[in-house]
>>> print(open('structure.txt').read())   # compact mmCIF, C-alpha atoms and all ligand atoms
# COMPACT_ATOMS: atom_id res chain seq x y z
CA MET A 30 26.16 20.59 5.51
CA SER A 31 25.16 17.56 3.50
CA LYS A 32 21.79 17.29 1.84
CA LYS A 33 18.73 15.83 3.61
CA ILE A 34 15.80 14.26 1.82
CA ARG A 35 12.48 15.78 2.96
CA ILE A 36 9.81 13.11 3.37
CA ALA A 37 6.15 14.11 3.78
CA VAL A 38 3.86 11.71 5.66
CA GLN A 39 0.32 12.07 6.95
CA LYS A 40 0.10 13.82 10.33
CA SER A 41 -2.78 11.66 11.57
CA GLY A 42 -5.22 9.33 9.91
CA ARG A 43 -5.36 6.05 8.04
CA LEU A 44 -1.89 6.28 6.48
CA GLN A 45 0.07 7.64 9.41
CA GLU A 46 0.94 4.61 11.49
CA GLN A 47 2.04 2.39 8.61
CA SER A 48 3.97 5.18 6.86
CA VAL A 49 5.97 5.80 10.04
CA ARG A 50 6.41 2.06 10.61
CA LEU A 51 7.73 1.57 7.07
CA LEU A 52 10.29 4.36 7.45
CA LYS A 53 11.40 2.89 10.78
CA GLU A 54 11.68 -0.59 9.26
CA CYS A 55 13.88 1.01 6.61
CA GLY A 56 16.26 1.93 9.42
CA LEU A 57 15.31 5.60 9.82
CA SER A 58 15.05 6.39 13.49
CA PHE A 59 13.16 9.47 14.65
CA SER A 60 10.75 10.57 17.32
CA ASN A 61 7.24 11.49 16.30
CA GLY A 62 5.41 13.05 19.21
CA PRO A 63 1.75 13.96 18.59
CA ASN A 64 2.40 17.67 18.07
CA ARG A 65 5.61 17.51 16.06
CA LEU A 66 5.16 18.69 12.51
CA LYS A 67 8.80 18.25 11.55
CA THR A 68 11.47 15.91 12.82
CA GLU A 69 15.00 14.90 11.84
CA THR A 70 16.20 11.32 11.54
CA TYR A 71 19.24 10.38 13.62
CA ASN A 72 20.90 7.91 11.32
CA PHE A 73 19.88 8.80 7.75
CA PRO A 74 20.06 12.26 6.16
CA ALA A 75 16.32 12.90 6.18
CA GLU A 76 13.72 15.27 7.57
CA ILE A 77 10.14 14.08 8.10
CA LEU A 78 7.26 16.53 7.62
CA PHE A 79 3.85 15.61 9.09
CA LEU A 80 1.07 17.07 6.91
CA ARG A 81 -2.57 16.65 5.84
CA ASP A 82 -2.51 13.94 3.21
CA ASP A 83 -4.47 16.05 0.67
CA ASP A 84 -1.72 18.68 0.77
CA ILE A 85 1.18 16.29 0.19
CA PRO A 86 1.04 16.12 -3.66
CA GLN A 87 1.11 19.94 -3.85
CA TYR A 88 4.04 20.17 -1.42
CA VAL A 89 5.95 17.56 -3.42
CA GLU A 90 5.27 19.39 -6.69
CA ASP A 91 6.33 22.72 -5.12
CA ASN A 92 9.54 21.17 -3.78
CA VAL A 93 8.62 21.87 -0.17
CA ALA A 94 9.02 18.11 0.30
CA ASP A 95 11.11 15.89 -1.99
CA ILE A 96 9.02 12.77 -1.59
CA GLY A 97 5.85 11.71 0.21
CA ILE A 98 3.50 8.88 1.07
CA VAL A 99 -0.16 9.22 0.04
CA GLY A 100 -3.03 7.03 -1.11
CA GLU A 101 -2.99 6.41 -4.86
CA ASN A 102 -6.51 7.91 -4.88
CA VAL A 103 -5.13 11.25 -3.65
CA PHE A 104 -2.17 11.06 -6.06
CA ILE A 105 -4.55 10.60 -9.03
CA GLU A 106 -7.12 13.14 -7.82
CA LYS A 107 -4.65 15.98 -7.33
CA GLN A 108 -3.28 15.76 -10.90
CA LYS A 109 0.09 17.23 -9.96
CA ASP A 110 3.25 17.04 -12.00
CA ILE A 111 4.89 14.44 -9.72
CA ALA A 112 6.02 10.84 -10.08
CA LEU A 113 4.64 7.62 -8.61
CA ILE A 114 7.79 5.80 -7.50
CA GLU A 115 6.68 2.69 -5.64
CA ARG A 116 3.49 0.94 -4.50
CA LEU A 117 3.74 0.29 -0.78
CA ASP A 118 1.30 -2.56 -0.17
CA PHE A 119 -0.71 -1.00 2.68
CA SER A 120 -3.89 1.09 3.10
CA LYS A 121 -5.54 -0.95 0.39
CA CYS A 122 -9.03 0.24 -0.43
CA ARG A 123 -11.23 1.12 -3.38
CA LEU A 124 -13.06 4.20 -4.53
CA SER A 125 -16.64 3.23 -5.24
CA ILE A 126 -19.97 4.71 -6.21
CA ALA A 127 -22.79 3.86 -3.81
CA ILE A 128 -26.51 4.61 -3.79
CA PRO A 129 -29.31 4.17 -1.21
CA ARG A 130 -29.96 0.44 -0.67
CA GLU A 131 -33.62 0.61 -1.71
CA LYS A 132 -32.94 2.28 -5.11
CA ASP A 133 -32.78 0.26 -8.33
CA TYR A 134 -29.56 0.20 -10.30
CA GLU A 135 -29.24 -0.93 -13.92
CA GLY A 136 -25.65 -0.07 -14.76
CA THR A 137 -23.92 3.28 -15.12
CA ALA A 138 -26.83 4.69 -17.19
CA SER A 139 -28.77 4.86 -13.90
CA LEU A 140 -26.38 7.66 -12.87
CA ASN A 141 -27.46 9.93 -15.75
CA GLY A 142 -28.81 13.25 -14.48
CA LYS A 143 -28.05 12.32 -10.86
CA LYS A 144 -26.15 14.29 -8.22
CA ILE A 145 -23.03 12.56 -6.87
CA ALA A 146 -21.33 13.74 -3.66
CA THR A 147 -17.59 13.08 -3.41
CA SER A 148 -14.20 14.34 -2.22
CA TYR A 149 -12.73 13.11 -5.53
CA PRO A 150 -14.34 15.27 -8.27
CA ASN A 151 -11.60 14.75 -10.87
CA ILE A 152 -11.60 10.96 -10.57
CA VAL A 153 -15.41 10.83 -10.66
CA GLN A 154 -15.60 13.16 -13.66
CA GLN A 155 -13.09 11.05 -15.57
CA PHE A 156 -15.09 7.90 -14.77
CA LEU A 157 -18.35 9.52 -15.93
CA THR A 158 -16.76 10.82 -19.13
CA GLU A 159 -15.37 7.37 -19.96
CA LYS A 160 -18.84 5.87 -19.46
CA ASN A 161 -20.55 8.67 -21.39
CA ILE A 162 -22.65 9.70 -18.40
CA THR A 163 -23.73 13.22 -17.53
CA ALA A 164 -24.15 13.74 -13.81
CA GLU A 165 -23.70 16.62 -11.39
CA ILE A 166 -20.73 16.33 -9.04
CA HIS A 167 -21.08 17.90 -5.62
CA GLU A 168 -17.72 18.22 -3.86
CA ILE A 169 -17.61 17.77 -0.10
CA SER A 170 -14.52 17.19 2.02
CA GLY A 171 -15.67 14.51 4.46
CA SER A 172 -18.52 12.42 5.91
CA VAL A 173 -19.55 11.79 2.32
CA GLU A 174 -21.66 8.73 3.16
CA ILE A 175 -24.20 10.91 4.92
CA ALA A 176 -25.05 12.89 1.75
CA PRO A 177 -27.92 10.78 0.34
CA GLY A 178 -29.52 10.44 3.78
CA ILE A 179 -29.78 14.22 4.22
CA GLY A 180 -31.00 14.90 0.68
CA LEU A 181 -27.71 16.39 -0.51
CA ALA A 182 -27.12 13.89 -3.33
CA ASP A 183 -28.52 10.79 -5.05
CA ALA A 184 -25.24 8.89 -4.93
CA ILE A 185 -21.76 9.14 -3.46
CA CYS A 186 -18.26 8.19 -4.50
CA ASP A 187 -15.95 7.48 -1.58
CA ILE A 188 -13.41 5.10 -0.10
CA VAL A 189 -14.60 1.61 0.75
CA SER A 190 -12.64 -1.02 2.61
CA THR A 191 -14.79 -3.39 4.67
CA GLY A 192 -18.04 -1.76 3.46
CA SER A 193 -19.26 -1.22 7.02
CA THR A 194 -19.55 2.59 6.66
CA LEU A 195 -21.77 2.11 3.59
CA LEU A 196 -23.85 -0.48 5.42
CA SER A 197 -24.42 1.66 8.46
CA ASN A 198 -25.50 4.56 6.26
CA GLY A 199 -28.03 2.50 4.28
CA LEU A 200 -25.98 2.51 1.07
CA LYS A 201 -24.98 -0.18 -1.44
CA GLU A 202 -21.86 -0.24 -3.60
CA VAL A 203 -22.71 -0.24 -7.32
CA GLU A 204 -19.46 0.62 -9.17
CA THR A 205 -15.75 0.34 -8.36
CA VAL A 206 -14.07 3.39 -9.85
CA MET A 207 -10.48 2.54 -8.85
CA LYS A 208 -8.41 0.43 -6.49
CA SER A 209 -5.90 2.17 -4.29
CA GLU A 210 -3.00 1.56 -1.93
CA ALA A 211 -0.37 3.76 -0.32
CA VAL A 212 2.26 4.96 -2.80
CA LEU A 213 5.59 6.73 -2.64
CA ILE A 214 5.55 9.90 -4.72
CA ALA A 215 8.44 12.17 -5.67
CA ASN A 216 9.22 15.54 -7.16
CA ASN A 217 10.16 15.25 -10.84
CA ASN A 218 13.23 17.46 -10.59
CA LEU A 219 15.23 16.16 -7.64
CA ASP A 220 18.86 17.23 -7.56
CA ALA A 221 21.51 14.51 -7.91
CA GLU A 222 22.26 14.27 -4.19
CA THR A 223 18.60 13.89 -3.22
CA GLN A 224 18.10 11.36 -6.01
CA VAL A 225 20.86 9.21 -4.49
CA LEU A 226 19.11 9.36 -1.10
CA LEU A 227 15.79 8.43 -2.74
CA GLU A 228 17.40 5.43 -4.42
CA LYS A 229 18.84 4.28 -1.09
CA LEU A 230 15.40 4.54 0.45
CA ILE A 231 13.71 2.67 -2.44
CA PHE A 232 16.28 -0.11 -2.07
CA ARG A 233 15.41 -0.42 1.61
CA ILE A 234 11.64 -0.26 1.01
CA LYS A 235 11.93 -3.08 -1.54
CA ALA A 236 13.98 -5.17 0.90
CA VAL A 237 11.38 -4.65 3.66
CA ASN A 238 8.35 -5.31 1.44
CA THR A 239 9.86 -8.33 -0.36
CA ALA A 240 10.64 -9.83 3.06
CA LYS A 241 7.01 -9.32 4.14
CA ASN A 242 5.82 -11.30 1.12
CA ASN A 243 8.16 -14.22 1.74
CA LYS A 244 8.79 -16.77 4.47
CA TYR A 245 11.91 -18.73 5.41
CA LEU A 246 11.13 -22.42 5.39
CA LEU A 247 13.05 -25.28 7.06
CA LEU A 248 12.13 -28.93 6.78
CA ASN A 249 13.48 -32.45 7.12
CA THR A 250 13.31 -34.67 4.07
CA PRO A 251 14.27 -38.22 3.13
CA ASN A 252 17.24 -37.91 0.74
CA GLU A 253 15.36 -39.49 -2.14
CA SER A 254 12.82 -36.59 -2.07
CA ILE A 255 15.41 -33.76 -2.24
CA GLU A 256 15.22 -33.43 -6.02
CA ALA A 257 11.42 -33.36 -6.13
CA ILE A 258 11.23 -30.90 -3.22
CA THR A 259 13.79 -28.64 -4.89
CA LYS A 260 11.46 -28.40 -7.91
CA VAL A 261 8.62 -27.26 -5.63
CA LEU A 262 10.87 -24.94 -3.58
CA PRO A 263 13.38 -23.28 -5.89
CA GLY A 264 14.21 -20.58 -3.29
CA MET A 265 16.30 -17.51 -4.14
CA LYS A 266 18.91 -19.55 -6.05
CA SER A 267 18.46 -23.12 -4.87
CA PRO A 268 17.71 -24.55 -1.44
CA THR A 269 20.41 -25.17 1.17
CA VAL A 270 20.67 -28.88 1.93
CA THR A 271 22.60 -30.23 4.94
CA PRO A 272 22.72 -33.84 6.14
CA LEU A 273 21.00 -34.80 9.38
CA GLN A 274 22.65 -37.04 11.95
CA GLN A 275 20.07 -39.68 11.06
CA GLU A 276 21.21 -41.68 8.02
CA GLY A 277 19.24 -41.03 4.79
CA TRP A 278 17.73 -37.69 5.92
CA SER A 279 18.60 -34.04 5.23
CA SER A 280 17.53 -30.62 6.40
CA LEU A 281 16.45 -28.33 3.56
CA HIS A 282 16.16 -24.52 3.86
CA SER A 283 14.47 -22.25 1.34
CA VAL A 284 12.34 -19.15 0.83
CA VAL A 285 8.71 -19.32 -0.20
CA ASN A 286 6.27 -16.67 -1.38
CA GLU A 287 3.43 -15.94 1.05
CA ASN A 288 0.79 -16.36 -1.68
CA GLU A 289 1.99 -19.84 -2.68
CA PHE A 290 2.59 -20.94 0.87
CA TRP A 291 -0.35 -23.27 1.65
CA GLU A 292 -0.31 -24.84 -1.79
CA ILE A 293 3.38 -25.66 -1.41
CA ILE A 294 3.02 -27.03 2.12
CA ASP A 295 0.53 -29.65 0.85
CA GLN A 296 2.93 -30.70 -1.90
CA LEU A 297 5.85 -30.92 0.55
CA LYS A 298 3.90 -33.14 2.92
CA ALA A 299 2.94 -35.39 0.02
CA LEU A 300 6.65 -35.73 -0.84
CA GLY A 301 7.50 -36.92 2.69
CA ALA A 302 8.75 -33.67 4.27
CA GLN A 303 8.55 -33.56 8.07
CA GLY A 304 9.22 -31.04 10.84
CA ILE A 305 8.34 -28.06 8.62
CA LEU A 306 9.15 -24.68 10.21
CA VAL A 307 8.04 -21.37 8.70
CA ILE A 308 9.83 -18.24 9.91
CA PRO A 309 9.20 -14.56 9.07
CA ILE A 310 11.98 -12.72 7.25
CA GLU A 311 12.89 -9.20 8.36
CA LYS A 312 14.75 -7.92 5.28
CA MET A 313 15.31 -9.57 1.92
CA ILE A 314 17.78 -8.42 -0.73
CA ILE A 315 17.51 -10.31 -3.99
N1 LIG B 401 -11.02 2.40 5.40
C1 LIG B 401 -9.85 2.46 4.77
N2 LIG B 401 -9.11 1.35 4.53
C2 LIG B 401 -7.93 1.43 3.89
N3 LIG B 401 -7.40 2.57 3.44
C3 LIG B 401 -8.07 3.70 3.65
C4 LIG B 401 -9.33 3.70 4.33
N4 LIG B 401 -9.77 4.96 4.42
C5 LIG B 401 -8.84 5.71 3.82
N5 LIG B 401 -7.81 4.97 3.34
C6 LIG B 401 -6.60 5.44 2.63
O1 LIG B 401 -5.92 6.33 3.51
C7 LIG B 401 -5.89 7.65 2.96
C8 LIG B 401 -6.07 8.64 4.10
O2 LIG B 401 -7.33 8.45 4.68
P1 LIG B 401 -7.84 9.36 5.88
O3 LIG B 401 -9.26 8.94 6.15
O4 LIG B 401 -6.86 9.31 6.98
O5 LIG B 401 -7.78 10.75 5.15
P2 LIG B 401 -8.17 12.20 5.60
O6 LIG B 401 -9.31 12.10 6.54
O7 LIG B 401 -8.31 12.94 4.33
O8 LIG B 401 -6.87 12.66 6.40
P3 LIG B 401 -6.20 14.13 6.56
O9 LIG B 401 -6.67 14.61 7.87
O10 LIG B 401 -4.69 13.87 6.56
O11 LIG B 401 -6.63 14.95 5.40
C9 LIG B 401 -6.99 7.67 1.92
O12 LIG B 401 -6.72 8.63 0.91
C10 LIG B 401 -6.96 6.26 1.39
O13 LIG B 401 -5.93 6.09 0.44
O1 LIG B 402 -15.49 0.44 4.20
P1 LIG B 402 -15.00 0.87 5.57
O2 LIG B 402 -14.10 -0.16 6.18
O3 LIG B 402 -16.11 1.27 6.48
O4 LIG B 402 -14.03 2.13 5.36
C1 LIG B 402 -14.44 3.26 4.63
C2 LIG B 402 -14.36 4.50 5.44
O5 LIG B 402 -13.02 4.68 5.92
C3 LIG B 402 -12.63 6.03 5.68
O6 LIG B 402 -13.03 6.87 6.70
P2 LIG B 402 -12.31 6.90 8.14
O7 LIG B 402 -12.81 5.76 8.98
O8 LIG B 402 -10.83 6.97 7.95
O9 LIG B 402 -12.87 8.23 8.78
P3 LIG B 402 -12.77 9.74 8.26
O10 LIG B 402 -12.04 9.79 6.95
O11 LIG B 402 -14.21 10.14 8.18
O12 LIG B 402 -12.03 10.44 9.36
C4 LIG B 402 -13.38 6.41 4.42
O13 LIG B 402 -13.53 7.80 4.28
C5 LIG B 402 -14.69 5.69 4.56
O14 LIG B 402 -15.66 6.50 5.19
MG MG B 403 -7.40 14.41 3.86
>>> encode(input="structure.txt", output="structure tokens")
Amino acid sequence: MSKKIRIAVQKSGRLQEQSVRLLKECGLSFSNGPNRLKTETYNFPAEILFLRDDDIPQYVEDNVADIGIVGENVFIEKQKDIALIERLDFSKCRLSIAIPREKDYEGTASLNGKKIATSYPNIVQQFLTEKNITAEIHEISGSVEIAPGIGLADAICDIVSTGSTLLSNGLKEVETVMKSEAVLIANNNLDAETQVLLEKLIFRIKAVNTAKNNKYLLLNTPNESIEAITKVLPGMKSPTVTPLQQEGWSSLHSVVNENEFWEIIDQLKALGAQGILVIPIEKMII
């Protein structure tokens, strides 16, 4: 029987849906019913394990899973002998220190001698050490934002995204300890066959994520603007240019990065481009 790569993803929670979606976009097809803890893929030699996210780094280190998807915050916190293979561009958040809204804060020195509740004791300790602060860390596994309100701690360190959980618990963010996003992690000693499967998967992930960050762009341009537009829109190699039926005009096709998109559109309009169409790309191999 040929080798299967064992991929650990979160069973339920913030990472689950997008981890499963990414694997499916990479062409792995599998069923993931709510109570299935393990499933095989039909068209790629893989097995998917659905686990608590906190356990995934340990499973990957112990070779129970070959690779996994976790938040970078969990990868750093767990301090396992595993590799970060690829940033995945979802579940973006930050790990921040917050204190009750009415308390004064004058920089990290204000944390000296305080009690900080967190699910990330290693990350917080490293932050405090770097800043030369001595504080007591109180580890709790969830509902961290409630800690100051019930007299359990003076401050907290937890995940922040929109900030609404902090707001509704009467807290204010005072320090960003780290930024995080979902990452692909792997065992450091994969055998050759599994390594080949991992490389195939990385290739597909890159194709999917590059496509998400780019758009296919079609426009009509007067022929005299083609050169100037090509400078604005270099594309993957150079744009495709085909003549239109109407004399003196061409259709130009190219690829544009999502982040530069609006800036470029303004320049294109100024150069006389018309009928601009922007189309999502499903996969992109550079
Ligand atoms: N509000 C958020 N916005 C964006 N990403 C988040 C947010 N909350 C958490 N994350 C990311 O998703 C990861 C998983 O969060 P989740 O809240 O599902 O964890 P959990 O409750 O520990 O789940 P589990 O039951 O698997 O242990 C976090 O480690 C973090 O990287
Ligand atoms: O800044 P916000 O947008 O409010 O997001 C931050 C909150 O999101 C996460 O909790 P989640 O909602 O996943 O609940 P749980 O971890 O307590 O189950 C995290 O633990 C924070 O409490
Ligand atoms: Mg967890």
>>> closest_residue(input="structure.txt", among="A:Glu256, A:Glu54, A:Asp220, A:Glu287", to="Asn243 (chain A)", atoms="all atoms listed in the file")
A:Glu287
>>> residues_near_ligand(input="structure.txt", ligand="ligand LIG 402 (chain B)", cutoff="12 Å", atoms="all atoms listed in the file", output="JSON, numbers by chain")
{"A": [41, 42, 43, 44, 45, 81, 82, 83, 100, 102, 120, 121, 122, 123, 124, 125, 127, 147, 148, 149, 169, 170, 171, 172, 173, 174, 175, 176, 185, 186, 187, 188, 189, 190, 191, 192, 193, 194, 195, 196, 197, 198, 200, 201, 202]}
>>> write_last_selection(input="structure.txt", atoms="C-alpha atoms", output="compact mmCIF listing (two decimals), keeping the file's coordinate frame")
# COMPACT_ATOMS: atom_id res chain seq x y z
CA SER A 41 -2.78 11.66 11.57
CA GLY A 42 -5.22 9.33 9.91
CA ARG A 43 -5.36 6.05 8.04
CA LEU A 44 -1.89 6.28 6.48
CA GLN A 45 0.07 7.64 9.41
CA ARG A 81 -2.57 16.65 5.84
CA ASP A 82 -2.51 13.94 3.21
CA ASP A 83 -4.47 16.05 0.67
CA GLY A 100 -3.03 7.03 -1.11
CA ASN A 102 -6.51 7.91 -4.88
CA SER A 120 -3.89 1.09 3.10
CA LYS A 121 -5.54 -0.95 0.39
CA CYS A 122 -9.03 0.24 -0.43
CA ARG A 123 -11.23 1.12 -3.38
CA LEU A 124 -13.06 4.20 -4.53
CA SER A 125 -16.64 3.23 -5.24
CA ALA A 127 -22.79 3.86 -3.81
CA THR A 147 -17.59 13.08 -3.41
CA SER A 148 -14.20 14.34 -2.22
CA TYR A 149 -12.73 13.11 -5.53
CA ILE A 169 -17.61 17.77 -0.10
CA SER A 170 -14.52 17.19 2.02
CA GLY A 171 -15.67 14.51 4.46
CA SER A 172 -18.52 12.42 5.91
CA VAL A 173 -19.55 11.79 2.32
CA GLU A 174 -21.66 8.73 3.16
CA ILE A 175 -24.20 10.91 4.92
CA ALA A 176 -25.05 12.89 1.75
CA ILE A 185 -21.76 9.14 -3.46
CA CYS A 186 -18.26 8.19 -4.50
CA ASP A 187 -15.95 7.48 -1.58
CA ILE A 188 -13.41 5.10 -0.10
CA VAL A 189 -14.60 1.61 0.75
CA SER A 190 -12.64 -1.02 2.61
CA THR A 191 -14.79 -3.39 4.67
CA GLY A 192 -18.04 -1.76 3.46
CA SER A 193 -19.26 -1.22 7.02
CA THR A 194 -19.55 2.59 6.66
CA LEU A 195 -21.77 2.11 3.59
CA LEU A 196 -23.85 -0.48 5.42
CA SER A 197 -24.42 1.66 8.46
CA ASN A 198 -25.50 4.56 6.26
CA LEU A 200 -25.98 2.51 1.07
CA LYS A 201 -24.98 -0.18 -1.44
CA GLU A 202 -21.86 -0.24 -3.60
>>> residues_near_point(input="structure.txt", point="(11.0, -30.3, -5.5)", cutoff="12 Å", atoms="only C-alpha atoms", output="PyMOL selection string")
chain A and resi 250+252-264+267-268+281+283+293-294+296-302
>>> atom_distance(input="structure.txt", atom1="CA of Arg50 (chain A)", atom2="CA of Glu289 (chain A)")
26.0 Å
>>> residues_near_point(input="structure.txt", point="(18.4, 9.8, 7.7)", cutoff="8 Å", atoms="all atoms listed in the file", output="PyMOL selection string")
chain A and resi 33-34+57-58+69-76
>>> closest_residue(input="structure.txt", among="A:Glu101, A:Asp84, A:Glu276, A:Asp91", to="ligand MG 403 (chain B)", atoms="all atoms listed in the file")
A:Asp84
>>> closest_residue(input="structure.txt", among="A:Ala211, A:Met265, A:Val284, A:Ile111", to="ligand LIG 401 (chain B)", atoms="all atoms listed in the file")
A:Ala211
>>> atom_distance(input="structure.txt", atom1="CA of Leu219 (chain A)", atom2="CA of Arg116 (chain A)")
19.5 Å
>>> closest_residue(input="structure.txt", among="A:Ser48, A:Asn217, A:Gly199, A:Gln275", to="Pro177 (chain A)", atoms="all atoms listed in the file")
A:Gly199
>>> closest_residue(input="structure.txt", among="A:Gly62, A:Phe104, A:Lys53, A:Ser209", to="ligand MG 403 (chain B)", atoms="only C-alpha atoms and all ligand atoms")
A:Phe104
>>> atom_distance(input="structure.txt", atom1="CA of Lys40 (chain A)", atom2="CA of Lys109 (chain A)")
20.6 Å
>>> axis_aligned_box(input="structure.txt", around="region 82-100 of chain A", padding_each_side="6 Å", output="AutoDock Vina command-line options")
--center_x 3.3 --center_y 14.9 --center_z -1.7 --size_x 27.6 --size_y 27.7 --size_z 21.9
>>> residues_around(input="structure.txt", residues="Asp183 (chain A)", least_positions_apart="2", cutoff="8 Å", atoms="only C-alpha atoms", output="list of chain:residue names")
A:Ile128, A:Pro129, A:Lys143, A:Lys144, A:Ile145, A:Ala146, A:Ala176, A:Pro177, A:Gly180, A:Leu181, A:Ile185
